[in-house]
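> To start, I am sharing the structure in question, which I have written as structure tokens.
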Amino acid sequence: MSMTTLIPAPTAARDKTRTDTMRAAVVTTAGEPLVVADVPIPTPGRHQALVKVLASGVCHTDLHAARGDWPVAPKGDLIPGHEGYGEVIALGEGVTTLEVGQKVGNAWLWSACGTCEYCRTGWETLCPEQQNGGYSVDGSFGEYMLVDERFAARIPDGADPIEVAPILCAGVTVYKGLKMTGVRPGEWVTISGIGGLGHIAVQYARAMGMRVAAVDVDDAKLELARAHGAEVTVNASQQDPGEAIQAATGGTHGVLVTAVHPKAFDQALQVVRRGATIVFNGLPPGTFDADIFDIVLRAITIRGSIVGSRQDMVEALDFYARGQIHPTVSVESLDDINDIFERMERGKIDGRIVMTY
Ligand code: NAD
Ligand code: ZN
Ligand code: ZN
């Protein structure tokens, strides 16, 4: 699709003091560079608010979306981004729980139906009717975005706009993933992949009382893991993670895999002790190899985990508000998006990049 297929938003709910267009990074064709262009400012519908975006983290999921890596395609002419922090500037019809001036974030779980079995049982992240920020609906790689009042993250007072942005996806995802490992205080967890998600996972794990072993294929990432409290670090391109982590910890009680290479998923089985739970957060296209006998006889649990519920978001933001989590962030501009993606693909980003507008 080309930029000319973008339909201008209706003018009714617009604030006439603003111009009608905004700068945004748009995926026009999967696998092609994003186009940074002027596009219409969206109009908030029922239960929606228009948010002026002040900062947005860049998640590897945005790169998967731009590349068309996954079996479910994103919307056409997509504006990615689901770690957007901003200020509510206009309210759509029926909004009662947000006000103009309030600081909010968008999220991957942009909305859900609220009535299905999953929504009713605290598993709104599995709702078949859910909308995903920066995937099925436009996200935060633009100067304005829409949020649904029922799902927008409420940003705690005093939050640093740049530091808090990565909590909106990376933070809530790893916090939920760590809970799903069932690892208790004093026990060991392996964090595999110390990128945007992983370096924050090290911090949540420490804050939750876990002991951390970290695996990556890049020494700079492992240094970051140690700086955030990992006791054991293994460079999987130089050392066998199974041998190294078994020797150092006796096998960890859980694993959180945030890596973007399928090999890390195979290796997760080698670093654990009996009875462990392995949680997959990373989403590289592909499959992994696992030995059935080994999984059964050692009673290993392997489970996927996708972002977090609104309650997980409240809890994840609360860890941040209490000063327990400090994402390593560097600030860049929206115009750098293609270069950011290129560095992300090569694993050359320390922590998270947050774009400002
Ligand atoms: P990132 O690019 O910031 O980090 C990826 C890290 O993986 C890098 O540090 C890289 O060096 C490391 N890595 C690459 N190959 C490895 C290997 N063989 N062993 C160990 N580490 C290796 O990416 P990110 O933003 O942290 O996202 C990571 C993955 O998680 C992506 O696939 C993303 O789509 C996914 N994700 C999932 C959820 C979810 O809810 N499940 C949420 C957000 C992101
Ligand atoms: Zn994400
Ligand atoms: Zn539902």
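Just so we're on the same page: first chain in the structure tokens is A, next is B, and so on; residues restart at 1 for each chain, and ligands are numbered from 1 in the order they show up.
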List every residue of chain A that has an atom at most 7 Å from any atom of ligand 1, and for each one report the closest atom pair and its distance in Å to one decimal, counting only C-alpha atoms and all ligand atoms, with rows sorted by chain and then by increasing residue number, as JSON lines.


```
{"residue": "A:Cys59", "atom": "CA", "partner": "ligand 1", "partner_atom_place_in_ligand_line": "25 (O)", "distance": 4.1}
{"residue": "A:His60", "atom": "CA", "partner": "ligand 1", "partner_atom_place_in_ligand_line": "25 (O)", "distance": 3.8}
{"residue": "A:Thr61", "atom": "CA", "partner": "ligand 1", "partner_atom_place_in_ligand_line": "34 (O)", "distance": 3.5}
{"residue": "A:His64", "atom": "CA", "partner": "ligand 1", "partner_atom_place_in_ligand_line": "34 (O)", "distance": 6.3}
{"residue": "A:Cys169", "atom": "CA", "partner": "ligand 1", "partner_atom_place_in_ligand_line": "43 (C)", "distance": 5.8}
{"residue": "A:Ala170", "atom": "CA", "partner": "ligand 1", "partner_atom_place_in_ligand_line": "43 (C)", "distance": 5.5}
{"residue": "A:Thr173", "atom": "CA", "partner": "ligand 1", "partner_atom_place_in_ligand_line": "40 (O)", "distance": 5.1}
{"residue": "A:Ser192", "atom": "CA", "partner": "ligand 1", "partner_atom_place_in_ligand_line": "20 (C)", "distance": 5.2}
{"residue": "A:Gly193", "atom": "CA", "partner": "ligand 1", "partner_atom_place_in_ligand_line": "21 (N)", "distance": 3.6}
{"residue": "A:Ile194", "atom": "CA", "partner": "ligand 1", "partner_atom_place_in_ligand_line": "9 (O)", "distance": 4.3}
{"residue": "A:Gly195", "atom": "CA", "partner": "ligand 1", "partner_atom_place_in_ligand_line": "4 (O)", "distance": 3.3}
{"residue": "A:Gly196", "atom": "CA", "partner": "ligand 1", "partner_atom_place_in_ligand_line": "26 (O)", "distance": 3.7}
{"residue": "A:Leu197", "atom": "CA", "partner": "ligand 1", "partner_atom_place_in_ligand_line": "26 (O)", "distance": 3.7}
{"residue": "A:Gly198", "atom": "CA", "partner": "ligand 1", "partner_atom_place_in_ligand_line": "26 (O)", "distance": 5.7}
{"residue": "A:Val215", "atom": "CA", "partner": "ligand 1", "partner_atom_place_in_ligand_line": "20 (C)", "distance": 5.5}
{"residue": "A:Asp216", "atom": "CA", "partner": "ligand 1", "partner_atom_place_in_ligand_line": "21 (N)", "distance": 3.7}
{"residue": "A:Val217", "atom": "CA", "partner": "ligand 1", "partner_atom_place_in_ligand_line": "21 (N)", "distance": 5.2}
{"residue": "A:Asp218", "atom": "CA", "partner": "ligand 1", "partner_atom_place_in_ligand_line": "11 (O)", "distance": 5.6}
{"residue": "A:Lys221", "atom": "CA", "partner": "ligand 1", "partner_atom_place_in_ligand_line": "9 (O)", "distance": 6.0}
{"residue": "A:Ala236", "atom": "CA", "partner": "ligand 1", "partner_atom_place_in_ligand_line": "19 (N)", "distance": 6.0}
{"residue": "A:Thr258", "atom": "CA", "partner": "ligand 1", "partner_atom_place_in_ligand_line": "28 (C)", "distance": 4.8}
{"residue": "A:Ala259", "atom": "CA", "partner": "ligand 1", "partner_atom_place_in_ligand_line": "7 (O)", "distance": 3.6}
{"residue": "A:Val260", "atom": "CA", "partner": "ligand 1", "partner_atom_place_in_ligand_line": "7 (O)", "distance": 4.7}
{"residue": "A:His261", "atom": "CA", "partner": "ligand 1", "partner_atom_place_in_ligand_line": "15 (N)", "distance": 4.5}
{"residue": "A:Pro262", "atom": "CA", "partner": "ligand 1", "partner_atom_place_in_ligand_line": "18 (N)", "distance": 6.9}
{"residue": "A:Lys263", "atom": "CA", "partner": "ligand 1", "partner_atom_place_in_ligand_line": "18 (N)", "distance": 5.2}
{"residue": "A:Ala264", "atom": "CA", "partner": "ligand 1", "partner_atom_place_in_ligand_line": "19 (N)", "distance": 4.5}
{"residue": "A:Phe280", "atom": "CA", "partner": "ligand 1", "partner_atom_place_in_ligand_line": "41 (N)", "distance": 6.9}
{"residue": "A:Asn281", "atom": "CA", "partner": "ligand 1", "partner_atom_place_in_ligand_line": "41 (N)", "distance": 3.7}
{"residue": "A:Gly282", "atom": "CA", "partner": "ligand 1", "partner_atom_place_in_ligand_line": "30 (O)", "distance": 3.4}
{"residue": "A:Leu283", "atom": "CA", "partner": "ligand 1", "partner_atom_place_in_ligand_line": "32 (O)", "distance": 3.6}
{"residue": "A:Pro284", "atom": "CA", "partner": "ligand 1", "partner_atom_place_in_ligand_line": "32 (O)", "distance": 4.8}
{"residue": "A:Ser305", "atom": "CA", "partner": "ligand 1", "partner_atom_place_in_ligand_line": "41 (N)", "distance": 5.3}
{"residue": "A:Ile306", "atom": "CA", "partner": "ligand 1", "partner_atom_place_in_ligand_line": "40 (O)", "distance": 3.4}
{"residue": "A:Val307", "atom": "CA", "partner": "ligand 1", "partner_atom_place_in_ligand_line": "40 (O)", "distance": 3.4}
{"residue": "A:Met344", "atom": "CA", "partner": "ligand 1", "partner_atom_place_in_ligand_line": "2 (O)", "distance": 5.1}
{"residue": "A:Glu345", "atom": "CA", "partner": "ligand 1", "partner_atom_place_in_ligand_line": "2 (O)", "distance": 6.6}
{"residue": "A:Gly347", "atom": "CA", "partner": "ligand 1", "partner_atom_place_in_ligand_line": "11 (O)", "distance": 4.7}
{"residue": "A:Ile349", "atom": "CA", "partner": "ligand 1", "partner_atom_place_in_ligand_line": "3 (O)", "distance": 6.6}
{"residue": "A:Gly351", "atom": "CA", "partner": "ligand 1", "partner_atom_place_in_ligand_line": "3 (O)", "distance": 6.6}
{"residue": "A:Arg352", "atom": "CA", "partner": "ligand 1", "partner_atom_place_in_ligand_line": "3 (O)", "distance": 6.5}
```

> Find the residues near ligand 3. Use a cut-off of 10 Å, count only C-alpha atoms and all ligand atoms, and write them as a PDB file with N, CA, C and O atoms, in the first residue's frame.


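Output file part_28.pdb follows:
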```
ATOM      1  N   SER A 111      -6.778  -3.135  23.529  1.00  0.00           N
ATOM      2  CA  SER A 111      -8.133  -3.335  24.049  1.00  0.00           C
ATOM      3  C   SER A 111      -8.475  -4.814  23.980  1.00  0.00           C
ATOM      4  O   SER A 111      -7.793  -5.588  23.293  1.00  0.00           O
ATOM      5  N   ALA A 112      -9.502  -5.208  24.706  1.00  0.00           N
ATOM      6  CA  ALA A 112     -10.013  -6.578  24.660  1.00  0.00           C
ATOM      7  C   ALA A 112     -11.524  -6.494  24.871  1.00  0.00           C
ATOM      8  O   ALA A 112     -12.033  -5.437  25.268  1.00  0.00           O
ATOM      9  N   CYS A 113     -12.227  -7.616  24.613  1.00  0.00           N
ATOM     10  CA  CYS A 113     -13.700  -7.518  24.566  1.00  0.00           C
ATOM     11  C   CYS A 113     -14.324  -7.316  25.938  1.00  0.00           C
ATOM     12  O   CYS A 113     -15.382  -6.719  26.076  1.00  0.00           O
ATOM     13  N   GLY A 114     -13.671  -7.851  26.987  1.00  0.00           N
ATOM     14  CA  GLY A 114     -14.196  -7.677  28.339  1.00  0.00           C
ATOM     15  C   GLY A 114     -15.260  -8.686  28.732  1.00  0.00           C
ATOM     16  O   GLY A 114     -15.665  -8.725  29.899  1.00  0.00           O
ATOM     17  N   THR A 115     -15.728  -9.492  27.783  1.00  0.00           N
ATOM     18  CA  THR A 115     -16.837 -10.391  28.119  1.00  0.00           C
ATOM     19  C   THR A 115     -16.560 -11.866  27.832  1.00  0.00           C
ATOM     20  O   THR A 115     -17.312 -12.727  28.284  1.00  0.00           O
ATOM     21  N   CYS A 116     -15.510 -12.196  27.104  1.00  0.00           N
ATOM     22  CA  CYS A 116     -15.267 -13.603  26.756  1.00  0.00           C
ATOM     23  C   CYS A 116     -14.722 -14.360  27.970  1.00  0.00           C
ATOM     24  O   CYS A 116     -14.404 -13.774  29.008  1.00  0.00           O
ATOM     25  N   GLU A 117     -14.611 -15.653  27.836  1.00  0.00           N
ATOM     26  CA  GLU A 117     -14.108 -16.500  28.913  1.00  0.00           C
ATOM     27  C   GLU A 117     -12.737 -16.016  29.425  1.00  0.00           C
ATOM     28  O   GLU A 117     -12.480 -15.990  30.622  1.00  0.00           O
ATOM     29  N   TYR A 118     -11.858 -15.621  28.487  1.00  0.00           N
ATOM     30  CA  TYR A 118     -10.508 -15.189  28.874  1.00  0.00           C
ATOM     31  C   TYR A 118     -10.564 -13.867  29.630  1.00  0.00           C
ATOM     32  O   TYR A 118      -9.926 -13.704  30.671  1.00  0.00           O
ATOM     33  N   CYS A 119     -11.350 -12.929  29.086  1.00  0.00           N
ATOM     34  CA  CYS A 119     -11.478 -11.642  29.762  1.00  0.00           C
ATOM     35  C   CYS A 119     -12.094 -11.812  31.158  1.00  0.00           C
ATOM     36  O   CYS A 119     -11.685 -11.152  32.108  1.00  0.00           O
ATOM     37  N   ARG A 120     -13.056 -12.716  31.264  1.00  0.00           N
ATOM     38  CA  ARG A 120     -13.741 -12.897  32.554  1.00  0.00           C
ATOM     39  C   ARG A 120     -12.849 -13.540  33.601  1.00  0.00           C
ATOM     40  O   ARG A 120     -13.105 -13.444  34.785  1.00  0.00           O
ATOM     41  N   THR A 121     -11.802 -14.248  33.156  1.00  0.00           N
ATOM     42  CA  THR A 121     -11.000 -15.013  34.117  1.00  0.00           C
ATOM     43  C   THR A 121      -9.598 -14.442  34.302  1.00  0.00           C
ATOM     44  O   THR A 121      -8.679 -15.155  34.704  1.00  0.00           O
ATOM     45  N   GLY A 122      -9.411 -13.154  33.980  1.00  0.00           N
ATOM     46  CA  GLY A 122      -8.106 -12.533  34.217  1.00  0.00           C
ATOM     47  C   GLY A 122      -7.088 -12.816  33.135  1.00  0.00           C
ATOM     48  O   GLY A 122      -5.909 -12.525  33.298  1.00  0.00           O
ATOM     49  N   TRP A 123      -7.543 -13.402  32.027  1.00  0.00           N
ATOM     50  CA  TRP A 123      -6.630 -13.721  30.915  1.00  0.00           C
ATOM     51  C   TRP A 123      -6.986 -12.908  29.674  1.00  0.00           C
ATOM     52  O   TRP A 123      -7.029 -13.420  28.566  1.00  0.00           O
ATOM     53  N   GLU A 124      -7.217 -11.601  29.909  1.00  0.00           N
ATOM     54  CA  GLU A 124      -7.572 -10.719  28.794  1.00  0.00           C
ATOM     55  C   GLU A 124      -6.486 -10.687  27.722  1.00  0.00           C
ATOM     56  O   GLU A 124      -6.770 -10.375  26.560  1.00  0.00           O
ATOM     57  N   THR A 125      -5.264 -11.058  28.086  1.00  0.00           N
ATOM     58  CA  THR A 125      -4.176 -11.111  27.094  1.00  0.00           C
ATOM     59  C   THR A 125      -4.415 -12.220  26.071  1.00  0.00           C
ATOM     60  O   THR A 125      -3.724 -12.280  25.056  1.00  0.00           O
ATOM     61  N   LEU A 126      -5.357 -13.120  26.343  1.00  0.00           N
ATOM     62  CA  LEU A 126      -5.676 -14.202  25.401  1.00  0.00           C
ATOM     63  C   LEU A 126      -6.992 -13.950  24.671  1.00  0.00           C
ATOM     64  O   LEU A 126      -7.456 -14.800  23.912  1.00  0.00           O
ATOM     65  N   CYS A 127      -7.595 -12.802  24.889  1.00  0.00           N
ATOM     66  CA  CYS A 127      -8.890 -12.486  24.264  1.00  0.00           C
ATOM     67  C   CYS A 127      -8.780 -12.568  22.738  1.00  0.00           C
ATOM     68  O   CYS A 127      -7.927 -11.906  22.145  1.00  0.00           O
ATOM     69  N   PRO A 128      -9.652 -13.352  22.100  1.00  0.00           N
ATOM     70  CA  PRO A 128      -9.578 -13.459  20.632  1.00  0.00           C
ATOM     71  C   PRO A 128      -9.969 -12.157  19.924  1.00  0.00           C
ATOM     72  O   PRO A 128      -9.657 -11.982  18.761  1.00  0.00           O
ATOM     73  N   GLU A 129     -10.667 -11.277  20.658  1.00  0.00           N
ATOM     74  CA  GLU A 129     -11.112 -10.010  20.048  1.00  0.00           C
ATOM     75  C   GLU A 129     -10.155  -8.863  20.341  1.00  0.00           C
ATOM     76  O   GLU A 129     -10.462  -7.712  20.036  1.00  0.00           O
ATOM     77  N   GLN A 130      -9.023  -9.140  20.969  1.00  0.00           N
ATOM     78  CA  GLN A 130      -8.145  -8.050  21.390  1.00  0.00           C
ATOM     79  C   GLN A 130      -7.607  -7.270  20.198  1.00  0.00           C
ATOM     80  O   GLN A 130      -7.453  -7.787  19.100  1.00  0.00           O
TER      81      GLN A 130
END
```

> What's the 8 Å shell around A:Asp38, counting only C-alpha atoms, without same-chain residues fewer than 3 positions away, as a VMD selection string?

chain A and resid 21 to 24

> Taking the DSSP assignment computed from this structure's backbone, write out as a CSV table (one decimal) with N, CA and C atoms, in the first residue's frame all residues of stretch 82-292 of chain A that belong to helix (DSSP H, G or I).


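states.csv, freshly written:
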```
chain,number,residue,atom,x,y,z
A,117,GLU,N,-14.6,-15.7,27.8
A,117,GLU,CA,-14.1,-16.5,28.9
A,117,GLU,C,-12.7,-16.0,29.4
A,118,TYR,N,-11.9,-15.6,28.5
A,118,TYR,CA,-10.5,-15.2,28.9
A,118,TYR,C,-10.6,-13.9,29.6
A,119,CYS,N,-11.3,-12.9,29.1
A,119,CYS,CA,-11.5,-11.6,29.8
A,119,CYS,C,-12.1,-11.8,31.2
A,120,ARG,N,-13.1,-12.7,31.3
A,120,ARG,CA,-13.7,-12.9,32.6
A,120,ARG,C,-12.8,-13.5,33.6
A,124,GLU,N,-7.2,-11.6,29.9
A,124,GLU,CA,-7.6,-10.7,28.8
A,124,GLU,C,-6.5,-10.7,27.7
A,125,THR,N,-5.3,-11.1,28.1
A,125,THR,CA,-4.2,-11.1,27.1
A,125,THR,C,-4.4,-12.2,26.1
A,126,LEU,N,-5.4,-13.1,26.3
A,126,LEU,CA,-5.7,-14.2,25.4
A,126,LEU,C,-7.0,-14.0,24.7
A,161,PRO,N,9.6,10.5,31.8
A,161,PRO,CA,9.0,10.1,30.5
A,161,PRO,C,9.8,9.1,29.7
A,162,ILE,N,11.1,9.2,29.8
A,162,ILE,CA,12.0,8.4,28.9
A,162,ILE,C,12.1,7.0,29.6
A,163,GLU,N,12.4,7.0,30.9
A,163,GLU,CA,12.6,5.8,31.6
A,163,GLU,C,11.4,4.9,31.7
A,164,VAL,N,10.2,5.5,31.8
A,164,VAL,CA,9.0,4.7,32.1
A,164,VAL,C,8.5,4.1,30.8
A,165,ALA,N,8.9,4.7,29.6
A,165,ALA,CA,8.3,4.1,28.3
A,165,ALA,C,8.5,2.6,28.2
A,166,PRO,N,9.8,2.1,28.4
A,166,PRO,CA,10.0,0.7,28.2
A,166,PRO,C,9.3,-0.2,29.2
A,167,ILE,N,8.8,0.3,30.3
A,167,ILE,CA,8.0,-0.5,31.2
A,167,ILE,C,6.7,-0.9,30.5
A,168,LEU,N,6.2,-0.1,29.6
A,168,LEU,CA,4.9,-0.3,29.0
A,168,LEU,C,4.8,-1.6,28.1
A,170,ALA,N,8.2,-3.9,27.5
A,170,ALA,CA,9.3,-4.7,28.0
A,170,ALA,C,9.1,-5.0,29.5
A,171,GLY,N,8.8,-4.0,30.3
A,171,GLY,CA,8.6,-4.2,31.7
A,171,GLY,C,7.5,-5.1,32.1
A,172,VAL,N,6.3,-4.8,31.6
A,172,VAL,CA,5.2,-5.7,32.0
A,172,VAL,C,5.3,-7.1,31.5
A,173,THR,N,5.9,-7.2,30.3
A,173,THR,CA,6.1,-8.6,29.7
A,173,THR,C,7.0,-9.4,30.5
A,174,VAL,N,8.2,-8.9,30.9
A,174,VAL,CA,9.1,-9.7,31.7
A,174,VAL,C,8.7,-9.9,33.1
A,175,TYR,N,8.0,-8.9,33.7
A,175,TYR,CA,7.4,-9.1,35.0
A,175,TYR,C,6.4,-10.2,35.1
A,176,LYS,N,5.5,-10.2,34.1
A,176,LYS,CA,4.5,-11.3,34.0
A,176,LYS,C,5.3,-12.6,33.7
A,177,GLY,N,6.2,-12.6,32.8
A,177,GLY,CA,6.9,-13.8,32.5
A,177,GLY,C,7.7,-14.4,33.7
A,178,LEU,N,8.3,-13.5,34.5
A,178,LEU,CA,9.0,-14.0,35.7
A,178,LEU,C,8.0,-14.6,36.7
A,179,LYS,N,6.8,-14.0,36.8
A,179,LYS,CA,5.8,-14.6,37.7
A,179,LYS,C,5.4,-16.0,37.2
A,180,MET,N,5.3,-16.1,35.9
A,180,MET,CA,4.9,-17.4,35.3
A,180,MET,C,6.0,-18.5,35.5
A,181,THR,N,7.3,-18.1,35.8
A,181,THR,CA,8.3,-19.1,36.1
A,181,THR,C,8.1,-19.8,37.4
A,196,GLY,N,16.4,-5.3,25.2
A,196,GLY,CA,15.4,-4.4,25.8
A,196,GLY,C,14.7,-5.1,26.9
A,197,LEU,N,14.1,-6.3,26.6
A,197,LEU,CA,13.4,-7.0,27.6
A,197,LEU,C,14.3,-7.6,28.7
A,198,GLY,N,15.3,-8.2,28.2
A,198,GLY,CA,16.2,-9.0,29.1
A,198,GLY,C,16.8,-8.2,30.2
A,199,HIS,N,17.3,-7.0,29.9
A,199,HIS,CA,18.1,-6.2,30.9
A,199,HIS,C,17.1,-5.7,31.9
A,200,ILE,N,15.8,-5.5,31.5
A,200,ILE,CA,14.8,-5.1,32.5
A,200,ILE,C,14.4,-6.3,33.3
A,201,ALA,N,14.4,-7.5,32.7
A,201,ALA,CA,14.0,-8.7,33.4
A,201,ALA,C,15.0,-9.0,34.5
A,202,VAL,N,16.3,-8.7,34.3
A,202,VAL,CA,17.3,-8.9,35.3
A,202,VAL,C,16.9,-8.0,36.6
A,203,GLN,N,16.4,-6.8,36.3
A,203,GLN,CA,16.1,-5.9,37.4
A,203,GLN,C,14.8,-6.4,38.1
A,204,TYR,N,13.8,-6.8,37.4
A,204,TYR,CA,12.6,-7.3,38.0
A,204,TYR,C,12.9,-8.6,38.8
A,205,ALA,N,13.7,-9.4,38.3
A,205,ALA,CA,14.1,-10.7,39.0
A,205,ALA,C,14.8,-10.4,40.3
A,206,ARG,N,15.7,-9.4,40.3
A,206,ARG,CA,16.4,-9.0,41.5
A,206,ARG,C,15.4,-8.4,42.5
A,207,ALA,N,14.5,-7.6,42.0
A,207,ALA,CA,13.5,-6.9,42.9
A,207,ALA,C,12.5,-7.9,43.5
A,219,ASP,N,29.2,-9.6,24.6
A,219,ASP,CA,29.8,-9.3,25.9
A,219,ASP,C,29.2,-8.0,26.5
A,220,ALA,N,28.9,-7.0,25.7
A,220,ALA,CA,28.4,-5.7,26.2
A,220,ALA,C,27.1,-5.9,26.9
A,221,LYS,N,26.3,-6.8,26.4
A,221,LYS,CA,25.0,-7.1,27.0
A,221,LYS,C,25.2,-7.8,28.4
A,222,LEU,N,26.2,-8.6,28.5
A,222,LEU,CA,26.4,-9.3,29.7
A,222,LEU,C,27.0,-8.4,30.8
A,223,GLU,N,27.7,-7.4,30.3
A,223,GLU,CA,28.2,-6.4,31.2
A,223,GLU,C,27.0,-5.6,31.8
A,224,LEU,N,26.0,-5.3,31.0
A,224,LEU,CA,24.8,-4.6,31.4
A,224,LEU,C,24.1,-5.5,32.4
A,225,ALA,N,24.0,-6.8,32.1
A,225,ALA,CA,23.3,-7.7,33.1
A,225,ALA,C,24.0,-7.7,34.4
A,226,ARG,N,25.4,-7.7,34.4
A,226,ARG,CA,26.1,-7.7,35.7
A,226,ARG,C,25.8,-6.4,36.4
A,227,ALA,N,25.8,-5.3,35.7
A,227,ALA,CA,25.5,-3.9,36.3
A,227,ALA,C,24.1,-3.9,36.9
A,241,PRO,N,26.0,-22.7,27.4
A,241,PRO,CA,25.3,-22.2,28.5
A,241,PRO,C,24.9,-23.3,29.5
A,242,GLY,N,24.5,-24.5,29.0
A,242,GLY,CA,24.1,-25.6,29.9
A,242,GLY,C,25.2,-25.9,30.9
A,243,GLU,N,26.4,-26.2,30.3
A,243,GLU,CA,27.6,-26.5,31.2
A,243,GLU,C,27.9,-25.4,32.2
A,244,ALA,N,28.0,-24.2,31.7
A,244,ALA,CA,28.4,-23.1,32.6
A,244,ALA,C,27.4,-22.9,33.7
A,245,ILE,N,26.1,-22.9,33.3
A,245,ILE,CA,25.1,-22.6,34.4
A,245,ILE,C,24.8,-23.7,35.3
A,246,GLN,N,24.9,-25.0,34.8
A,246,GLN,CA,24.8,-26.1,35.7
A,246,GLN,C,25.9,-26.1,36.7
A,247,ALA,N,27.1,-25.7,36.3
A,247,ALA,CA,28.3,-25.7,37.2
A,247,ALA,C,28.2,-24.6,38.2
A,248,ALA,N,27.7,-23.4,37.8
A,248,ALA,CA,27.6,-22.3,38.7
A,248,ALA,C,26.4,-22.3,39.6
A,249,THR,N,25.3,-22.9,39.2
A,249,THR,CA,24.1,-22.8,40.0
A,249,THR,C,23.5,-24.2,40.4
A,263,LYS,N,17.9,-20.8,18.8
A,263,LYS,CA,18.9,-21.6,19.5
A,263,LYS,C,18.8,-21.4,21.0
A,264,ALA,N,18.4,-20.2,21.4
A,264,ALA,CA,18.3,-19.9,22.8
A,264,ALA,C,17.2,-20.7,23.5
A,265,PHE,N,16.2,-21.1,22.7
A,265,PHE,CA,15.0,-21.8,23.2
A,265,PHE,C,15.4,-23.3,23.4
A,266,ASP,N,16.2,-23.9,22.5
A,266,ASP,CA,16.8,-25.2,22.7
A,266,ASP,C,17.6,-25.2,24.0
A,267,GLN,N,18.4,-24.2,24.1
A,267,GLN,CA,19.4,-24.2,25.2
A,267,GLN,C,18.8,-24.0,26.6
A,268,ALA,N,17.5,-23.4,26.6
A,268,ALA,CA,16.9,-23.2,27.9
A,268,ALA,C,16.7,-24.5,28.6
A,269,LEU,N,16.5,-25.6,27.9
A,269,LEU,CA,16.3,-26.9,28.6
A,269,LEU,C,17.6,-27.4,29.2
A,270,GLN,N,18.7,-26.9,28.8
A,270,GLN,CA,20.0,-27.4,29.3
A,270,GLN,C,20.4,-26.7,30.6
A,271,VAL,N,19.9,-25.5,30.8
A,271,VAL,CA,20.4,-24.7,32.0
A,271,VAL,C,19.6,-25.0,33.3
A,292,ILE,N,11.7,-35.2,24.2
A,292,ILE,CA,10.5,-35.6,24.9
A,292,ILE,C,10.9,-36.3,26.2
```

> At a cut-off of 10 Å, using only C-alpha atoms, what residues contact A:His47? Leave out same-chain residues fewer than 2 positions from it and give the result as an MDAnalysis selection string.

chainID A and resid 44:45 49 91:98 147:151

> Of the candidates A:Ala214, A:Leu109, A:Ile89, A:Val35, which one gets nearest to A:Gly142 if we count only C-alpha atoms?

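Closest to A:Gly142 of all the choices is A:Val35.
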
> Kindly indicate which residue among A:Gly57, A:Pro285, A:Pro156, A:Pro185 lies nearest to ligand 2, using only C-alpha atoms and all ligand atoms for the distances.

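With only C-alpha atoms and all ligand atoms as the atom set, the closest residue is A:Gly57.
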
> Taking only C-alpha atoms into account, which of A:Val255, A:Ile302, A:Val104, A:Val36 comes nearest A:Ala152?

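Using only C-alpha atoms, A:Ala152 sits closest to A:Val104.
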
> Which residue is closest to A:Ala66? Choose from A:Ile337, A:Val27, A:Val331, A:Val296 and count only C-alpha atoms.

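Answer, going by the shortest atom-to-atom distance: A:Val27.
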
> Taking the DSSP secondary structure from the backbone, can you list the residues of stretch 327-357 of chain A that are strand (DSSP E or B), as JSON, numbers by chain?

{"A": [329, 330, 331, 332, 333, 352, 353, 354, 355, 356]}

> So what do you get for atom CA of A:Arg273 versus atom CA of A:Gly308, distance-wise?

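Distance reported for this atom pair: 26.5 Å.
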
> State, in Å with one decimal place, the distance from atom CA of A:Ser140 to atom CA of A:Ala65.

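Calculated distance between atom CA of A:Ser140 and atom CA of A:Ala65 is 13.6 Å.
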